[in-house]
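What follows is a set of notes on a single structure, which appears directly below.
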Amino acid sequence: MTYEYENLLKEKGYKAVCGIDEAGRGPLAGPVFAAAVILPDDLGDLGINDSKKLSEKKRDALFDIIKEKAIAWSVASAGEQEIDEINILNATFLAMKRAVEGLPVKPDIALVDGNRKPGTGIEEMTLVKGDSKSISIAAASILAKVSRDRYLLELDEKYPEYQFKKHKGYPTALHYEMIKEHGISPVHRLSFLKNLGEK
């Protein structure tokens with residue numbers, strides 16, 4: 001994982017470059033999470049990569065290292081009701097905006113995973129598959145993913161009958177089975193379950 005895009009932006013005069021990524025757009029339950037991270041220039045090779053390519057153990061270890069070594073970091077979310085009200089894309093952008101607003105250091109520009117600008121209030125550059133191209137976006141993907149997974153473990157304790165620990169809210173056969181058995185919980189995204197009768 002390289003600083004290629006961060007360096008390009010710094011050569012253009014930007015000083016604080018933050019990476020932004022989300023976790024949890026696809027699940028049927030729980031909030032969508034987003035993280036924003038500003039990394040120092042000399043982090044070295046810690047094995048930071050797209051969170052989907054790392055084991056849970058590696059993600060957990062990097063989660064603490066990134067928080068410790070980052071110049072600034074912030075994790076935010078948008079809840080199930082917000083997702084149902086404004087749709088998942090807009091809720092994802094809202095979580096990203098909140099993550100940027102939560103940074104203790106104001107960035108000059110954001111590198112955003114994907115091809116749509118979320119409108120965070122600062123300058124933005126989108127990068128398709130950014131979590132495998134930019135170290136800042138990869139770091140953000142790890143913070144967002146681990147934060148969301150941990151939150152789902154809390155939901156698992158609150159609603160053990162849905163077995164969130166096993167599927168993390170994603171649309172698996174087990175998850176659909178649990179919904180059919182126990183009904184829809186307060187943490188499910190109703191807009192994602194409109195066609196439940198067809199499953």
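Just remember, in the structure tokens the first chain shown is A, the second B, etc., residues are 1-based per chain, and ligands are 1-based in the order shown.
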- Query: Hey, what's within 12 Å of Gly130 in chain A if we count only C-alpha atoms and toss same-chain stuff fewer than 2 positions away? As a VMD selection string, please?
  - Reply: chain A and resid 1 to 6 19 to 22 49 to 51 110 to 116 125 to 128 132 to 141
- Close residues, Ile66 in chain A itself excluded, 10 Å, only C-alpha atoms, min 6 positions apart in chain, as number ranges by chain: A: 37-39, 43, 46, 48, 72-73, 136, 139-140, 142-143
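Taking CA of Val17 in chain A and CA of Ile71 in chain A as endpoints, the distance between them is 10.3 Å.
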- Message: Using DSSP secondary structure from the backbone, list all strand (DSSP E or B) positions within range 27-138 of chain A, as JSON, numbers by chain.
- Response: {"A": [29, 32, 33, 34, 35, 36, 37, 38, 72, 73, 74, 75, 76, 77, 78, 109, 110, 111, 112, 113, 123, 124, 125, 126, 127]}
Take the residues just selected and output them with C-alpha atoms as a compact mmCIF listing (two decimals), in the first residue's frame.
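To be explicit, this is the file written out as selection10.txt:
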```txt
# COMPACT_ATOMS: atom_id res chain seq x y z
CA ALA A 29 -29.52 -4.27 10.01
CA VAL A 32 -23.67 2.37 8.13
CA PHE A 33 -20.28 3.46 9.48
CA ALA A 34 -17.68 5.79 7.97
CA ALA A 35 -14.19 6.78 9.04
CA ALA A 36 -11.88 9.65 8.15
CA VAL A 37 -8.13 9.40 8.78
CA ILE A 38 -5.17 11.74 8.35
CA ALA A 72 -6.26 12.61 13.34
CA TRP A 73 -9.05 10.06 13.02
CA SER A 74 -12.80 9.98 13.42
CA VAL A 75 -15.50 7.32 13.10
CA ALA A 76 -19.17 8.18 12.62
CA SER A 77 -22.38 6.48 11.55
CA ALA A 78 -25.88 6.97 10.21
CA ILE A 109 -8.77 17.61 0.91
CA ALA A 110 -10.35 14.18 1.21
CA LEU A 111 -9.56 11.06 -0.79
CA VAL A 112 -12.88 9.21 -1.00
CA ASP A 113 -13.35 5.55 -1.90
CA GLU A 123 -12.47 19.53 -1.29
CA GLU A 124 -12.83 15.91 -2.40
CA MET A 125 -11.14 13.56 -4.84
CA THR A 126 -12.83 10.22 -5.58
CA LEU A 127 -10.85 7.07 -6.18
```
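Our summary of the geometry notes that CA of Lys97 in chain A is positioned 14.2 Å from CA of Ala23 in chain A.
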Near range 176-186 of chain A, within 10 Å and counting only C-alpha atoms, which residues show up once chain neighbours fewer than 4 positions away are dropped, as a PDB file with N, CA and C atoms, in the first residue's frame?
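part-v3.pdb, written as the output of this step:
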```pdb
ATOM      1  N   LEU A  28     -28.643  -5.811   6.290  1.00  0.00           N
ATOM      2  CA  LEU A  28     -30.074  -5.596   6.498  1.00  0.00           C
ATOM      3  C   LEU A  28     -30.349  -4.919   7.840  1.00  0.00           C
ATOM      4  N   ALA A  29     -29.312  -4.816   8.664  1.00  0.00           N
ATOM      5  CA  ALA A  29     -29.516  -4.274  10.009  1.00  0.00           C
ATOM      6  C   ALA A  29     -28.318  -3.438  10.445  1.00  0.00           C
ATOM      7  N   GLY A  30     -28.578  -2.559  11.402  1.00  0.00           N
ATOM      8  CA  GLY A  30     -27.511  -1.739  11.967  1.00  0.00           C
ATOM      9  C   GLY A  30     -27.185  -0.524  11.117  1.00  0.00           C
ATOM     10  N   GLU A  80     -30.270   3.229  11.302  1.00  0.00           N
ATOM     11  CA  GLU A  80     -31.243   2.509  10.475  1.00  0.00           C
ATOM     12  C   GLU A  80     -32.375   3.427  10.016  1.00  0.00           C
ATOM     13  N   GLN A  81     -32.876   4.268  10.939  1.00  0.00           N
ATOM     14  CA  GLN A  81     -33.990   5.164  10.575  1.00  0.00           C
ATOM     15  C   GLN A  81     -33.558   6.165   9.512  1.00  0.00           C
ATOM     16  N   TYR A 159     -29.845  -8.453  21.094  1.00  0.00           N
ATOM     17  CA  TYR A 159     -30.832  -9.258  20.354  1.00  0.00           C
ATOM     18  C   TYR A 159     -30.212 -10.619  19.976  1.00  0.00           C
ATOM     19  N   GLU A 161     -31.258 -13.511  19.648  1.00  0.00           N
ATOM     20  CA  GLU A 161     -32.023 -14.429  18.789  1.00  0.00           C
ATOM     21  C   GLU A 161     -31.711 -14.240  17.294  1.00  0.00           C
ATOM     22  N   TYR A 162     -31.134 -13.093  16.935  1.00  0.00           N
ATOM     23  CA  TYR A 162     -30.842 -12.858  15.503  1.00  0.00           C
ATOM     24  C   TYR A 162     -29.445 -13.325  15.077  1.00  0.00           C
ATOM     25  N   GLN A 163     -28.621 -13.689  16.072  1.00  0.00           N
ATOM     26  CA  GLN A 163     -27.259 -14.203  15.805  1.00  0.00           C
ATOM     27  C   GLN A 163     -26.398 -13.222  14.971  1.00  0.00           C
ATOM     28  N   PHE A 164     -26.487 -11.940  15.331  1.00  0.00           N
ATOM     29  CA  PHE A 164     -25.704 -10.914  14.612  1.00  0.00           C
ATOM     30  C   PHE A 164     -24.203 -11.202  14.633  1.00  0.00           C
ATOM     31  N   GLY A 169     -25.150  -8.822  10.353  1.00  0.00           N
ATOM     32  CA  GLY A 169     -26.248  -8.080   9.745  1.00  0.00           C
ATOM     33  C   GLY A 169     -26.372  -8.256   8.242  1.00  0.00           C
ATOM     34  N   TYR A 170     -25.418  -8.938   7.630  1.00  0.00           N
ATOM     35  CA  TYR A 170     -25.446  -9.105   6.165  1.00  0.00           C
ATOM     36  C   TYR A 170     -26.566 -10.063   5.751  1.00  0.00           C
ATOM     37  N   PRO A 171     -27.018  -9.973   4.493  1.00  0.00           N
ATOM     38  CA  PRO A 171     -28.156 -10.782   4.043  1.00  0.00           C
ATOM     39  C   PRO A 171     -27.798 -12.237   3.747  1.00  0.00           C
ATOM     40  N   THR A 172     -27.497 -12.981   4.797  1.00  0.00           N
ATOM     41  CA  THR A 172     -27.176 -14.402   4.643  1.00  0.00           C
ATOM     42  C   THR A 172     -28.448 -15.241   4.834  1.00  0.00           C
ATOM     43  N   LEU A 190     -35.813  -1.179   7.451  1.00  0.00           N
ATOM     44  CA  LEU A 190     -37.098  -1.562   6.850  1.00  0.00           C
ATOM     45  C   LEU A 190     -37.073  -1.459   5.331  1.00  0.00           C
ATOM     46  N   LEU A 193     -35.990  -4.515   3.650  1.00  0.00           N
ATOM     47  CA  LEU A 193     -36.767  -5.736   3.894  1.00  0.00           C
ATOM     48  C   LEU A 193     -38.153  -5.686   3.269  1.00  0.00           C
ATOM     49  N   LEU A 196     -39.358  -8.944   1.636  1.00  0.00           N
ATOM     50  CA  LEU A 196     -39.039 -10.111   2.483  1.00  0.00           C
ATOM     51  C   LEU A 196     -39.924 -11.304   2.169  1.00  0.00           C
ATOM     52  N   GLY A 197     -41.187 -11.051   1.830  1.00  0.00           N
ATOM     53  CA  GLY A 197     -42.113 -12.136   1.530  1.00  0.00           C
ATOM     54  C   GLY A 197     -41.675 -12.988   0.353  1.00  0.00           C
ATOM     55  N   LYS A 199     -38.547 -13.852  -0.229  1.00  0.00           N
ATOM     56  CA  LYS A 199     -37.342 -14.634   0.092  1.00  0.00           C
ATOM     57  C   LYS A 199     -37.719 -16.069   0.417  1.00  0.00           C
TER      58      LYS A 199
END
```
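With only C-alpha atoms as the atoms that count, the residue of A:Pro104, A:Asp84, A:Glu11, A:Ala173 with the shortest distance to Ala70 in chain A is A:Pro104.
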- Query: Can you list every residue in range 9-198 of chain A that DSSP puts in helix (DSSP H, G or I), as a PyMOL selection string?
  - Reply: chain A and resi 9-11+51-53+56-69+80-86+88-101+130-132+135-158+160-162+164-167+173-182+190-192+196-198
- Task: Report the distance between CA of Lys194 in chain A and CA of Lys145 in chain A in Å, rounded to one decimal place.
- Result: 25.9 Å
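Of the listed residues (A:Ile83, A:Arg98, A:Pro27, A:Val187), A:Pro27 comes nearest to His175 in chain A; the distances count only C-alpha atoms.
Minimum distance to Ala95 in chain A across A:His188, A:Lys168, A:Lys69, A:Arg25 (counting only C-alpha atoms) occurs at A:Arg25.
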- Note on the structure: For Glu56 in chain A, the closest of A:Lys12, A:Arg189, A:Arg150, A:Lys158 counting only C-alpha atoms is A:Arg150
- Query: Pick from A:Pro107, A:Pro31, A:Gly102, A:Gly26: nearest to Gly79 in chain A, with only C-alpha atoms counted?
  - Reply: A:Pro31
- Message: Measuring between only C-alpha atoms, which one of A:Leu89, A:Ile65, A:Ala99, A:Ile122 shows the shortest distance to Gly24 in chain A?
- Response: A:Leu89
